[in-house]
$ cat run-v3.cif   # mmCIF, C-alpha atoms
data_run
loop_
_atom_site.group_PDB
_atom_site.id
_atom_site.type_symbol
_atom_site.label_atom_id
_atom_site.label_comp_id
_atom_site.auth_asym_id
_atom_site.auth_seq_id
_atom_site.Cartn_x
_atom_site.Cartn_y
_atom_site.Cartn_z
ATOM 1 C CA MET A 139 24.833 5.394 -39.664
ATOM 2 C CA ALA A 140 27.713 5.976 -37.268
ATOM 3 C CA ASP A 141 27.884 3.878 -34.131
ATOM 4 C CA ASP A 142 27.555 6.862 -31.802
ATOM 5 C CA GLU A 143 24.280 7.856 -33.497
ATOM 6 C CA THR A 144 22.977 4.301 -33.179
ATOM 7 C CA ASP A 145 23.727 4.382 -29.471
ATOM 8 C CA ASP A 146 21.558 7.492 -29.075
ATOM 9 C CA ILE A 147 18.426 5.810 -30.415
ATOM 10 C CA GLU A 148 15.863 5.193 -27.680
ATOM 11 C CA THR A 149 13.687 2.203 -28.408
ATOM 12 C CA ILE A 150 10.078 1.866 -27.252
ATOM 13 C CA GLU A 151 11.302 -0.683 -24.723
ATOM 14 C CA ASP A 152 13.889 1.822 -23.431
ATOM 15 C CA LEU A 153 11.147 4.417 -23.146
ATOM 16 C CA ARG A 154 8.813 2.086 -21.201
ATOM 17 C CA LYS A 155 11.557 1.029 -18.819
ATOM 18 C CA SER A 156 12.711 4.611 -18.185
ATOM 19 C CA PHE A 157 9.654 5.112 -15.965
ATOM 20 C CA TRP A 158 10.844 2.224 -13.727
ATOM 21 C CA TYR A 159 13.492 3.931 -11.583
ATOM 22 C CA GLY A 160 15.139 5.240 -14.763
ATOM 23 C CA SER A 161 15.661 8.613 -16.394
ATOM 24 C CA ARG A 162 11.911 9.311 -16.242
ATOM 25 C CA SER A 163 11.281 7.593 -12.897
ATOM 26 C CA ASN A 164 7.621 7.940 -11.994
ATOM 27 C CA LEU A 165 6.229 5.564 -9.376
ATOM 28 C CA SER A 166 2.630 6.138 -10.523
ATOM 29 C CA PHE A 167 3.597 4.798 -13.958
ATOM 30 C CA LYS A 168 6.500 2.459 -13.237
ATOM 31 C CA TYR A 169 4.199 -0.368 -14.342
ATOM 32 C CA LEU A 170 4.721 0.664 -17.994
ATOM 33 C CA LYS A 171 7.826 -1.526 -17.851
ATOM 34 C CA ASP A 172 5.582 -4.582 -17.745
ATOM 35 C CA LEU A 173 3.517 -3.741 -20.845
ATOM 36 C CA SER A 174 4.441 -4.961 -24.316
ATOM 37 C CA ASP A 175 5.337 -2.313 -26.872
ATOM 38 C CA ALA A 176 1.929 -2.833 -28.524
ATOM 39 C CA GLU A 177 0.141 -2.457 -25.185
ATOM 40 C CA PHE A 178 2.151 0.672 -24.484
ATOM 41 C CA GLY A 179 0.938 2.085 -27.797
ATOM 42 C CA ASP A 180 -2.656 1.323 -26.857
ATOM 43 C CA PHE A 181 -2.117 2.918 -23.439
ATOM 44 C CA LEU A 182 -0.747 6.123 -24.985
ATOM 45 C CA ASP A 183 -3.567 6.215 -27.523
ATOM 46 C CA GLU A 184 -6.225 5.891 -24.797
ATOM 47 C CA LEU A 185 -4.496 8.325 -22.475
ATOM 48 C CA LEU A 186 -4.077 11.022 -25.122
ATOM 49 C CA THR A 187 -7.690 10.617 -26.211
ATOM 50 C CA GLU A 188 -8.809 11.134 -22.614
ATOM 51 C CA VAL A 189 -6.467 14.106 -22.170
ATOM 52 C CA SER A 190 -7.963 15.688 -25.304
ATOM 53 C CA SER A 191 -11.415 15.145 -23.895
ATOM 54 C CA MET A 192 -10.413 16.606 -20.528
ATOM 55 C CA ILE A 193 -9.080 19.762 -22.161
ATOM 56 C CA ASP A 194 -12.628 20.534 -23.265
ATOM 57 C CA SER A 195 -14.613 19.065 -20.377
ATOM 58 C CA GLY A 196 -12.304 19.801 -17.458
ATOM 59 C CA ASP A 197 -13.313 16.379 -16.113
ATOM 60 C CA PRO A 198 -10.268 14.192 -15.232
ATOM 61 C CA THR A 199 -12.330 11.019 -14.699
ATOM 62 C CA GLY A 200 -11.342 9.433 -18.026
ATOM 63 C CA VAL A 201 -7.645 10.113 -17.498
ATOM 64 C CA ILE A 202 -7.727 8.631 -13.998
ATOM 65 C CA ASP A 203 -9.689 5.612 -15.194
ATOM 66 C CA THR A 204 -7.242 4.954 -18.034
ATOM 67 C CA ALA A 205 -4.221 5.108 -15.706
ATOM 68 C CA TYR A 206 -6.033 2.859 -13.194
ATOM 69 C CA ARG A 207 -7.112 0.204 -15.721
ATOM 70 C CA TRP A 208 -3.638 -0.118 -17.229
ATOM 71 C CA GLN A 209 -2.091 -0.263 -13.759
ATOM 72 C CA ILE A 210 -4.298 -3.240 -12.933
ATOM 73 C CA GLN A 211 -3.524 -4.943 -16.245
ATOM 74 C CA ALA A 212 0.224 -4.501 -15.772
ATOM 75 C CA TYR A 213 0.312 -5.695 -12.160
ATOM 76 C CA ALA A 214 -1.909 -8.668 -12.910
ATOM 77 C CA GLY A 215 1.087 -10.150 -14.717
ATOM 78 C CA HIS A 216 3.924 -8.898 -12.568
ATOM 79 C CA LEU A 217 3.930 -11.944 -10.299
ATOM 80 C CA GLY A 218 4.223 -14.275 -13.266
ATOM 81 C CA GLY A 219 2.390 -17.573 -13.410
ATOM 82 C CA PRO A 220 0.858 -19.252 -10.361
ATOM 83 C CA ASN A 221 3.998 -21.309 -9.830
ATOM 84 C CA ASP A 222 6.350 -18.335 -10.158
ATOM 85 C CA PHE A 223 5.130 -16.378 -7.157
ATOM 86 C CA PRO A 224 7.477 -17.373 -4.319
ATOM 87 C CA HIS A 225 5.189 -16.401 -1.437
ATOM 88 C CA ARG A 226 2.213 -18.603 -2.234
ATOM 89 C CA PHE A 227 0.494 -20.441 0.633
ATOM 90 C CA ASP A 228 -2.289 -22.984 0.641
ATOM 91 C CA ASP A 229 -3.294 -22.496 4.292
ATOM 92 C CA VAL A 230 -5.056 -19.492 5.831
ATOM 93 C CA PRO A 231 -4.083 -18.673 9.445
ATOM 94 C CA ILE A 232 -7.075 -16.894 10.987
ATOM 95 C CA ASN A 233 -8.400 -16.100 14.457
ATOM 96 C CA PRO A 234 -11.942 -15.041 15.398
ATOM 97 C CA LEU A 235 -12.489 -11.843 17.364
ATOM 98 C CA PRO A 236 -11.968 -12.617 21.071
ATOM 99 C CA LYS A 237 -14.886 -10.315 21.990
ATOM 100 C CA PRO A 238 -17.164 -7.810 20.253
ATOM 101 C CA LEU A 239 -15.277 -5.280 18.105
ATOM 102 C CA SER A 240 -16.725 -2.498 20.241
ATOM 103 C CA GLU A 241 -14.648 -3.881 23.119
ATOM 104 C CA CYS A 242 -11.450 -4.641 21.148
ATOM 105 C CA ARG A 243 -8.204 -2.670 21.287
ATOM 106 C CA VAL A 244 -7.045 -2.076 17.701
ATOM 107 C CA THR A 245 -3.449 -1.496 16.621
ATOM 108 C CA LEU A 246 -2.651 0.211 13.303
ATOM 109 C CA LEU A 247 0.342 -1.161 11.359
ATOM 110 C CA THR A 248 1.158 0.079 7.843
ATOM 111 C CA SER A 249 3.888 -0.503 5.270
ATOM 112 C CA SER A 250 3.652 3.107 4.128
ATOM 113 C CA GLY A 251 7.060 4.185 5.451
ATOM 114 C CA HIS A 252 5.819 6.699 8.039
ATOM 115 C CA PHE A 253 7.956 7.856 10.952
ATOM 116 C CA VAL A 254 8.130 10.731 13.421
ATOM 117 C CA GLU A 255 10.294 13.787 12.791
ATOM 118 C CA GLY A 256 13.360 13.331 14.996
ATOM 119 C CA ASP A 257 13.031 9.529 14.976
ATOM 120 C CA ASP A 258 14.283 8.795 11.461
ATOM 121 C CA PRO A 259 14.931 5.051 10.965
ATOM 122 C CA LYS A 260 18.052 6.126 9.008
ATOM 123 C CA PRO A 261 18.163 3.466 6.278
ATOM 124 C CA PHE A 262 21.760 2.372 5.596
ATOM 125 C CA GLY A 263 22.828 4.838 8.287
ATOM 126 C CA VAL A 264 21.788 7.828 6.173
ATOM 127 C CA GLU A 265 20.317 10.736 8.142
ATOM 128 C CA SER A 266 17.395 12.552 6.494
ATOM 129 C CA MET A 267 17.394 10.467 3.293
ATOM 130 C CA THR A 268 15.166 12.121 0.682
ATOM 131 C CA GLN A 269 12.342 10.426 -1.210
ATOM 132 C CA ALA A 270 14.417 10.695 -4.405
ATOM 133 C CA GLU A 271 17.358 8.948 -2.707
ATOM 134 C CA ALA A 272 15.041 6.201 -1.434
ATOM 135 C CA GLU A 273 13.794 5.632 -4.989
ATOM 136 C CA ALA A 274 17.346 5.593 -6.355
ATOM 137 C CA ARG A 275 18.356 2.961 -3.744
ATOM 138 C CA ILE A 276 15.268 0.744 -4.084
ATOM 139 C CA GLY A 277 17.430 -2.248 -5.001
ATOM 140 C CA GLU A 278 19.278 -1.984 -1.688
ATOM 141 C CA PHE A 279 16.039 -1.611 0.286
ATOM 142 C CA LEU A 280 14.752 -4.825 -1.285
ATOM 143 C CA LYS A 281 17.719 -6.741 0.141
ATOM 144 C CA GLU A 282 17.491 -5.455 3.721
ATOM 145 C CA ALA A 283 15.240 -6.305 6.664
ATOM 146 C CA PRO A 284 12.790 -3.469 7.412
ATOM 147 C CA SER A 285 12.717 -1.618 10.735
ATOM 148 C CA LEU A 286 9.531 -0.775 12.586
ATOM 149 C CA SER A 287 8.797 2.848 13.510
ATOM 150 C CA SER A 288 6.591 3.590 16.535
ATOM 151 C CA ILE A 289 4.229 6.548 16.114
ATOM 152 C CA PRO A 290 2.026 8.036 18.870
ATOM 153 C CA ILE A 291 -1.527 8.365 17.574
ATOM 154 C CA ASP A 292 -1.876 11.863 19.011
ATOM 155 C CA ILE A 293 1.074 13.106 16.947
ATOM 156 C CA ASP A 294 0.837 16.552 15.383
ATOM 157 C CA PRO A 295 0.436 15.742 11.641
ATOM 158 C CA ALA A 296 3.137 18.339 10.963
ATOM 159 C CA ASP A 297 5.612 16.010 12.712
ATOM 160 C CA LEU A 298 4.705 12.964 10.620
ATOM 161 C CA ARG A 299 7.125 12.025 7.817
ATOM 162 C CA VAL A 300 6.921 9.476 5.020
ATOM 163 C CA ARG A 301 9.647 8.041 2.808
ATOM 164 C CA HIS A 302 9.243 4.947 0.663
ATOM 165 C CA GLY A 303 10.930 4.192 -2.631
ATOM 166 C CA GLY A 304 8.306 1.701 -3.786
ATOM 167 C CA TYR A 305 5.091 3.630 -4.329
ATOM 168 C CA PRO A 306 4.011 7.181 -5.281
ATOM 169 C CA THR A 307 3.940 9.011 -1.943
ATOM 170 C CA ASP A 308 2.456 12.315 -3.156
ATOM 171 C CA ALA A 309 -1.107 11.521 -2.062
ATOM 172 C CA VAL A 310 0.001 10.286 1.379
ATOM 173 C CA ARG A 311 2.129 13.403 1.852
ATOM 174 C CA ALA A 312 -0.866 15.567 1.008
ATOM 175 C CA ASP A 313 -3.075 13.665 3.470
ATOM 176 C CA HIS A 314 -1.525 11.007 5.708
ATOM 177 C CA GLN A 315 -4.878 9.320 6.255
ATOM 178 C CA VAL A 316 -4.790 8.080 2.647
ATOM 179 C CA GLY A 317 -2.459 5.363 3.977
ATOM 180 C CA PHE A 318 -2.121 5.922 7.714
ATOM 181 C CA PRO A 319 -5.664 6.373 9.097
ATOM 182 C CA ILE A 320 -4.977 7.168 12.760
ATOM 183 C CA GLY A 321 -7.591 9.935 12.825
ATOM 184 C CA HIS A 322 -10.364 7.786 11.378
ATOM 185 C CA LEU A 323 -9.610 4.913 13.754
ATOM 186 C CA ALA A 324 -9.499 7.329 16.701
ATOM 187 C CA ASP A 325 -12.891 8.714 15.626
ATOM 188 C CA LEU A 326 -14.292 5.170 15.398
ATOM 189 C CA ALA A 327 -13.021 4.480 18.908
ATOM 190 C CA ALA A 328 -14.718 7.668 20.142
ATOM 191 C CA ASP A 329 -17.908 6.567 18.374
ATOM 192 C CA GLY A 330 -17.759 3.163 20.063
ATOM 193 C CA VAL A 331 -17.331 1.151 16.852
ATOM 194 C CA ILE A 332 -14.019 -0.185 18.185
ATOM 195 C CA GLY A 333 -13.159 -0.441 21.846
ATOM 196 C CA ALA A 334 -9.949 1.622 21.690
ATOM 197 C CA LEU A 335 -7.056 2.506 19.427
ATOM 198 C CA ASN A 336 -3.606 1.477 20.659
ATOM 199 C CA PRO A 337 -1.843 4.754 21.579
ATOM 200 C CA THR A 338 1.124 3.527 19.544
ATOM 201 C CA ALA A 339 0.798 2.878 15.793
ATOM 202 C CA TYR A 340 3.501 1.257 13.680
ATOM 203 C CA SER A 341 4.889 1.683 10.176
ATOM 204 C CA PHE A 342 7.702 0.273 8.049
ATOM 205 C CA VAL A 343 8.918 0.391 4.468
ATOM 206 C CA GLY A 344 7.265 -2.538 2.727
ATOM 207 C CA ALA A 345 9.836 -2.530 -0.063
ATOM 208 C CA ALA A 346 12.208 -4.797 1.868
ATOM 209 C CA SER A 347 13.656 -8.308 1.798
ATOM 210 C CA GLN A 348 10.580 -10.533 1.830
ATOM 211 C CA VAL A 349 12.669 -13.513 2.894
ATOM 212 C CA ARG A 350 14.012 -11.711 5.980
ATOM 213 C CA LEU A 351 10.568 -10.333 6.702
ATOM 214 C CA LYS A 352 9.010 -13.789 6.572
ATOM 215 C CA ARG A 353 11.686 -15.734 8.480
ATOM 216 C CA LYS A 354 12.632 -13.303 11.221
ATOM 217 C CA VAL A 355 11.143 -9.838 11.334
ATOM 218 C CA ALA A 356 7.414 -10.509 10.929
ATOM 219 C CA PRO A 357 7.366 -13.274 13.599
ATOM 220 C CA GLU A 358 9.220 -10.945 16.012
ATOM 221 C CA TRP A 359 6.731 -8.119 15.455
ATOM 222 C CA ALA A 360 3.830 -10.552 15.794
ATOM 223 C CA ASP A 361 5.166 -11.929 19.093
ATOM 224 C CA ARG A 362 5.575 -8.395 20.395
ATOM 225 C CA LEU A 363 2.019 -7.379 19.524
ATOM 226 C CA SER A 364 0.514 -10.571 20.894
ATOM 227 C CA SER A 365 2.415 -10.439 24.190
ATOM 228 C CA ASP A 366 2.678 -6.755 25.182
ATOM 229 C CA GLY A 367 -0.929 -6.543 26.317
ATOM 230 C CA THR A 368 -1.866 -3.665 23.998
ATOM 231 C CA THR A 369 -3.711 -5.386 21.191
ATOM 232 C CA ASP A 370 -6.776 -7.491 20.418
ATOM 233 C CA VAL A 371 -6.909 -6.772 16.654
ATOM 234 C CA VAL A 372 -4.330 -5.540 14.103
ATOM 235 C CA PHE A 373 -5.475 -3.234 11.307
ATOM 236 C CA LEU A 374 -3.049 -3.417 8.390
ATOM 237 C CA VAL A 375 -2.590 -1.023 5.484
ATOM 238 C CA PRO A 376 -0.138 -2.252 2.835
ATOM 239 C CA LEU A 377 1.055 0.444 0.397
ATOM 240 C CA MET B 1026 2.794 -6.987 4.308
ATOM 241 C CA GLY B 1027 1.330 -10.397 3.537
ATOM 242 C CA HIS B 1028 4.014 -12.097 5.631
ATOM 243 C CA VAL B 1029 3.252 -9.719 8.511
ATOM 244 C CA GLN B 1030 -0.464 -10.455 8.359
ATOM 245 C CA ARG B 1031 0.147 -14.204 8.329
ATOM 246 C CA ALA B 1032 2.642 -13.996 11.207
ATOM 247 C CA ILE B 1033 0.257 -11.968 13.378
ATOM 248 C CA GLU B 1034 -2.558 -14.457 12.783
ATOM 249 C CA GLU B 1035 -0.148 -17.304 13.544
ATOM 250 C CA ALA B 1036 0.665 -15.526 16.833
ATOM 251 C CA GLY B 1037 -3.032 -15.579 17.727
ATOM 252 C CA LEU B 1038 -4.371 -12.115 16.859
ATOM 253 C CA PRO B 1039 -7.130 -11.440 14.289
ATOM 254 C CA THR B 1040 -6.197 -9.110 11.433
ATOM 255 C CA VAL B 1041 -7.667 -7.274 8.468
ATOM 256 C CA SER B 1042 -5.818 -5.580 5.593
ATOM 257 C CA ILE B 1043 -6.682 -3.154 2.803
ATOM 258 C CA TYR B 1044 -5.171 -3.605 -0.665
ATOM 259 C CA VAL B 1045 -5.628 -1.574 -3.847
ATOM 260 C CA ARG B 1046 -7.011 -3.452 -6.855
ATOM 261 C CA ALA B 1047 -3.600 -3.639 -8.585
ATOM 262 C CA PHE B 1048 -2.420 -5.894 -5.740
ATOM 263 C CA GLY B 1049 -5.804 -7.477 -5.106
ATOM 264 C CA HIS B 1050 -4.572 -10.931 -6.121
ATOM 265 C CA ILE B 1051 -2.081 -11.084 -3.219
ATOM 266 C CA PRO B 1052 -4.522 -11.969 -0.373
ATOM 267 C CA GLU B 1053 -5.685 -15.090 -2.223
ATOM 268 C CA LEU B 1054 -2.161 -16.165 -3.252
ATOM 269 C CA MET B 1055 -0.708 -15.602 0.218
ATOM 270 C CA GLY B 1056 -3.583 -17.089 2.200
ATOM 271 C CA LEU B 1057 -4.457 -13.902 4.076
ATOM 272 C CA SER B 1058 -7.299 -13.988 6.564
ATOM 273 C CA ARG B 1059 -9.361 -10.897 5.735
ATOM 274 C CA SER B 1060 -8.758 -8.249 3.093
ATOM 275 C CA LEU B 1061 -10.729 -5.385 1.619
ATOM 276 C CA ILE B 1062 -9.832 -4.466 -1.970
ATOM 277 C CA THR B 1063 -10.356 -0.844 -3.009
ATOM 278 C CA ARG B 1064 -10.811 0.264 -6.620
ATOM 279 C CA HIS B 1065 -8.265 3.021 -6.050
ATOM 280 C CA PRO B 1066 -4.914 3.702 -7.769
ATOM 281 C CA MET B 1067 -1.672 2.582 -6.117
ATOM 282 C CA GLY B 1068 -0.619 4.959 -3.338
ATOM 283 C CA ARG B 1069 -4.213 6.074 -2.698
ATOM 284 C CA THR B 1070 -5.350 3.029 -0.728
ATOM 285 C CA LEU B 1071 -8.148 4.593 1.339
ATOM 286 C CA GLY B 1072 -9.154 7.312 -1.135
ATOM 287 C CA ALA B 1073 -8.072 10.666 -2.472
ATOM 288 C CA PRO B 1074 -6.305 13.242 -0.270
ATOM 289 C CA GLY B 1075 -8.939 15.224 1.608
ATOM 290 C CA ASP B 1076 -11.718 12.696 0.932
ATOM 291 C CA GLY B 1077 -12.241 11.902 4.603
ATOM 292 C CA LYS B 1078 -15.724 10.551 3.963
ATOM 293 C CA ARG B 1079 -14.448 7.865 1.568
ATOM 294 C CA GLN B 1080 -11.429 7.093 3.764
ATOM 295 C CA ARG B 1081 -13.614 6.511 6.816
ATOM 296 C CA ALA B 1082 -16.077 4.394 4.820
ATOM 297 C CA VAL B 1083 -13.195 2.183 3.681
ATOM 298 C CA VAL B 1084 -11.920 1.804 7.252
ATOM 299 C CA GLU B 1085 -15.411 0.875 8.476
ATOM 300 C CA ALA B 1086 -15.863 -1.642 5.633
ATOM 301 C CA ALA B 1087 -12.538 -3.260 6.534
ATOM 302 C CA LEU B 1088 -13.436 -3.452 10.229
ATOM 303 C CA ALA B 1089 -16.730 -5.139 9.315
ATOM 304 C CA LEU B 1090 -14.766 -8.061 7.833
ATOM 305 C CA LEU B 1091 -13.506 -8.917 11.318
ATOM 306 C CA ASP B 1092 -16.848 -10.554 12.092
ATOM 307 C CA SER B 1093 -15.904 -13.368 9.724
ATOM 308 C CA SER B 1094 -13.991 -16.355 11.060
ATOM 309 C CA SER B 1095 -13.124 -17.788 7.634
ATOM 310 C CA GLN B 1096 -11.026 -16.268 4.818
ATOM 311 C CA THR B 1097 -12.841 -13.194 3.507
ATOM 312 C CA ILE B 1098 -11.695 -11.105 0.530
ATOM 313 C CA VAL B 1099 -14.187 -8.402 -0.432
ATOM 314 C CA GLU B 1100 -14.079 -5.569 -2.957
ATOM 315 C CA PHE B 1101 -15.137 -2.109 -1.792
ATOM 316 C CA ASP B 1102 -17.606 -1.328 -4.526
ATOM 317 C CA GLU B 1103 -16.913 2.336 -5.246
ATOM 318 C CA THR B 1104 -14.616 3.850 -7.863
ATOM 319 C CA TYR B 1105 -11.929 6.404 -7.051
ATOM 320 C CA ARG B 1106 -13.139 9.974 -6.845
ATOM 321 C CA THR B 1107 -11.206 13.219 -6.766
ATOM 322 C CA GLY B 1108 -12.068 16.646 -5.435
ATOM 323 C CA SER B 1109 -14.146 17.503 -8.486
ATOM 324 C CA ASP B 1110 -16.295 14.386 -8.008
ATOM 325 C CA ARG B 1111 -17.164 14.926 -4.374
#
$ encode --input "run-v3.cif" --output "structure tokens"
Amino acid sequence: MADDETDDIETIEDLRKSFWYGSRSNLSFKYLKDLSDAEFGDFLDELLTEVSSMIDSGDPTGVIDTAYRWQIQAYAGHLGGPNDFPHRFDDVPINPLPKPLSECRVTLLTSSGHFVEGDDPKPFGVESMTQAEAEARIGEFLKEAPSLSSIPIDIDPADLRVRHGGYPTDAVRADHQVGFPIGHLADLAADGVIGALNPTAYSFVGAASQVRLKRKVAPEWADRLSSDGTTDVVFLVPL
Amino acid sequence: MGHVQRAIEEAGLPTVSIYVRAFGHIPELMGLSRSLITRHPMGRTLGAPGDGKRQRAVVEAALALLDSSSQTIVEFDETYRTGSDR
């Protein structure tokens, strides 16, 4: 076999890894990189069986369940062994509610990558970066400190934008409350379950330098929230 | 987000977070104060698009964890559902 033909052969490993920011980039299935070739075969076998079943039944439950179960299995190993995970802590900082929840002012803060149209955080100085560009530059995002976007809770949903190269954003684009529940929290404030919702919510791209986040950025955000007089409780949605 | 949750607690404010099952091991490893774990796929933390009833139930379940003053990690005991299931 000629060398150029050998170079064209795609191995199972190549195929698995192509879903991880590669030629077949798909953030809902990027976890396939972390399966063994044998596990990948089992995944395909289960998935195709469920797809065959769905063709007749029209019920996607089995397909969704298969994708979900393999996602959990893959991510269960992605941090490595207990001693490999670099952000492990033995202590648990925790504060009790200062007063009943029905009297507390709640601030929403998510790592979903939301921002307001016209207030683009412009990663790397790029105006109007697309989702595809954010995915292509994920390695650069992971080296930089994240910036915090302020979002008024009464924003017209049509003016809300999301861009994040680390997770599949399709569902959040279709319905922002999947990851940015300002409407539900506002309803709960109106119903008296919480005292009030901070008129300003916050969001950042969680795919960022965890070292910079830990050492500098997170403490700065925390000081701001604890000292600006707006907040009794912080409601966090990691994506 | 784990570093943010820890920093906010260290600054004196109570917090609660919502993780999907795939990342459900993070709150224990990172020593996070209160976390709700949903049995939803990545990117669909509170539920499917348009499933406002599930999304609100998840938010309410997370808020209920704030009554605890010791580390609390609880699974929201409902599977993901799409438009055809609702």
$ resolve_selection --input "run-v3.cif" --expression "the PyMOL selection byres ((chain A and resi 261-266) around 12)" --output "ChimeraX atom specification"
/A:251,253-260,267-272,275-276,278-287,299-303,342-343,346
$ closest_atom_pairs --input "run-v3.cif" --of "chain B" --to "chain A" --cutoff "7 Å" --atoms "all atoms listed in the file" --output "tab-separated table"
residue	atom	partner	partner_atom	distance
B:Met1026	CA	A:Pro376	CA	5.8
B:His1028	CA	A:Lys352	CA	5.4
B:Val1029	CA	A:Ala356	CA	4.9
B:Arg1031	CA	A:Pro231	CA	6.3
B:Ala1032	CA	A:Pro357	CA	5.3
B:Ile1033	CA	A:Ala360	CA	4.5
B:Glu1034	CA	A:Ile232	CA	5.4
B:Glu1035	CA	A:Pro231	CA	5.8
B:Ala1036	CA	A:Ala360	CA	6.0
B:Gly1037	CA	A:Asn233	CA	6.3
B:Leu1038	CA	A:Val371	CA	5.9
B:Pro1039	CA	A:Asn233	CA	4.8
B:Thr1040	CA	A:Val372	CA	4.8
B:Val1041	CA	A:Phe373	CA	5.4
B:Ser1042	CA	A:Leu374	CA	4.5
B:Ile1043	CA	A:Val375	CA	5.3
B:Tyr1044	CA	A:Pro376	CA	6.3
B:Arg1046	CA	A:Ile210	CA	6.7
B:Ala1047	CA	A:Ile210	CA	4.4
B:Phe1048	CA	A:Tyr213	CA	7.0
B:Leu1054	CA	A:Arg226	CA	5.1
B:Met1055	CA	A:Arg226	CA	4.9
B:Gly1056	CA	A:Val230	CA	4.6
B:Leu1057	CA	A:Val230	CA	5.9
B:Ser1058	CA	A:Ile232	CA	5.3
B:Pro1066	CA	A:Tyr206	CA	5.6
B:Gly1068	CA	A:Pro306	CA	5.5
B:Arg1069	CA	A:Val316	CA	5.7
B:Thr1070	CA	A:Gly317	CA	6.0
B:Leu1071	CA	A:Val316	CA	5.0
B:Gly1072	CA	A:Val316	CA	5.8
B:Ala1073	CA	A:Val316	CA	6.6
B:Pro1074	CA	A:Asp313	CA	5.0
B:Gly1075	CA	A:Asp313	CA	6.3
B:Gln1080	CA	A:Val316	CA	6.8
B:Arg1081	CA	A:His322	CA	5.7
B:Leu1091	CA	A:Leu235	CA	6.8
B:Asp1092	CA	A:Leu235	CA	7.0
B:Ser1094	CA	A:Pro234	CA	5.0
B:Ser1095	CA	A:Ile232	CA	7.0
B:Gln1096	CA	A:Val230	CA	6.9
$ atom_distance --input "run-v3.cif" --atom1 "atom CA of Pro337 of chain A" --atom2 "atom CA of Cys242 of chain A"
13.4 Å
$ closest_residue --input "run-v3.cif" --among "B:Val1045, B:Ala1082, B:Gly1077, B:Gln1030" --to "Leu1061 of chain B" --atoms "all atoms listed in the file"
B:Val1045
$ axis_aligned_box --input "run-v3.cif" --around "segment 1046-1056 of chain B" --padding-each-side "4 Å" --output "AutoDock Vina command-line options"
--center_x -3.9 --center_y -10.3 --center_z -3.2 --size_x 14.3 --size_y 21.6 --size_z 18.8
$ residues_around --input "run-v3.cif" --residues "segment 1100-1103 of chain B" --least-positions-apart "3" --cutoff "9 Å" --atoms "all atoms listed in the file" --output "ChimeraX atom specification"
/B:1046,1049,1060-1065,1083,1086-1087,1106
$ atom_distance --input "run-v3.cif" --atom1 "atom CA of Ser191 of chain A" --atom2 "atom CA of Arg162 of chain A"
25.2 Å
$ atom_distance --input "run-v3.cif" --atom1 "atom CA of Ile147 of chain A" --atom2 "atom CA of Leu170 of chain A"
19.2 Å
$ residues_near_point --input "run-v3.cif" --point "(13.7, 0.2, -18.4)" --cutoff "10 Å" --atoms "only C-alpha atoms" --output "VMD selection string"
chain A and resid 150 to 163 168 170 to 172
$ decode --input "run-v3.cif" --residues "segment 1050-1061 of chain B" --atoms "N, CA and C atoms" --output "PDB file, in the first residue's frame"
ATOM      1  N   HIS B1050     -20.294  15.193  39.845  1.00  0.00           N
ATOM      2  CA  HIS B1050     -19.245  14.853  40.808  1.00  0.00           C
ATOM      3  C   HIS B1050     -18.466  16.096  41.250  1.00  0.00           C
ATOM      4  N   ILE B1051     -18.631  17.217  40.521  1.00  0.00           N
ATOM      5  CA  ILE B1051     -17.847  18.417  40.822  1.00  0.00           C
ATOM      6  C   ILE B1051     -18.182  19.036  42.193  1.00  0.00           C
ATOM      7  N   PRO B1052     -19.460  19.173  42.575  1.00  0.00           N
ATOM      8  CA  PRO B1052     -19.746  19.799  43.876  1.00  0.00           C
ATOM      9  C   PRO B1052     -19.065  19.095  45.048  1.00  0.00           C
ATOM     10  N   GLU B1053     -19.000  17.775  45.019  1.00  0.00           N
ATOM     11  CA  GLU B1053     -18.337  17.051  46.107  1.00  0.00           C
ATOM     12  C   GLU B1053     -16.823  17.286  46.055  1.00  0.00           C
ATOM     13  N   LEU B1054     -16.233  17.168  44.860  1.00  0.00           N
ATOM     14  CA  LEU B1054     -14.780  17.333  44.726  1.00  0.00           C
ATOM     15  C   LEU B1054     -14.326  18.741  45.095  1.00  0.00           C
ATOM     16  N   MET B1055     -15.143  19.747  44.734  1.00  0.00           N
ATOM     17  CA  MET B1055     -14.729  21.130  44.948  1.00  0.00           C
ATOM     18  C   MET B1055     -15.215  21.719  46.263  1.00  0.00           C
ATOM     19  N   GLY B1056     -15.949  20.931  47.048  1.00  0.00           N
ATOM     20  CA  GLY B1056     -16.413  21.446  48.335  1.00  0.00           C
ATOM     21  C   GLY B1056     -17.413  22.573  48.182  1.00  0.00           C
ATOM     22  N   LEU B1057     -18.414  22.368  47.319  1.00  0.00           N
ATOM     23  CA  LEU B1057     -19.421  23.410  47.098  1.00  0.00           C
ATOM     24  C   LEU B1057     -20.546  23.293  48.124  1.00  0.00           C
ATOM     25  N   SER B1058     -21.108  24.431  48.470  1.00  0.00           N
ATOM     26  CA  SER B1058     -22.042  24.472  49.602  1.00  0.00           C
ATOM     27  C   SER B1058     -23.350  23.744  49.334  1.00  0.00           C
ATOM     28  N   ARG B1059     -24.028  24.120  48.245  1.00  0.00           N
ATOM     29  CA  ARG B1059     -25.343  23.525  47.959  1.00  0.00           C
ATOM     30  C   ARG B1059     -25.464  23.368  46.449  1.00  0.00           C
ATOM     31  N   SER B1060     -25.812  22.174  46.011  1.00  0.00           N
ATOM     32  CA  SER B1060     -25.970  21.940  44.574  1.00  0.00           C
ATOM     33  C   SER B1060     -27.124  20.991  44.322  1.00  0.00           C
ATOM     34  N   LEU B1061     -27.900  21.309  43.301  1.00  0.00           N
ATOM     35  CA  LEU B1061     -28.929  20.406  42.799  1.00  0.00           C
ATOM     36  C   LEU B1061     -28.385  19.770  41.521  1.00  0.00           C
TER      37      LEU B1061
END
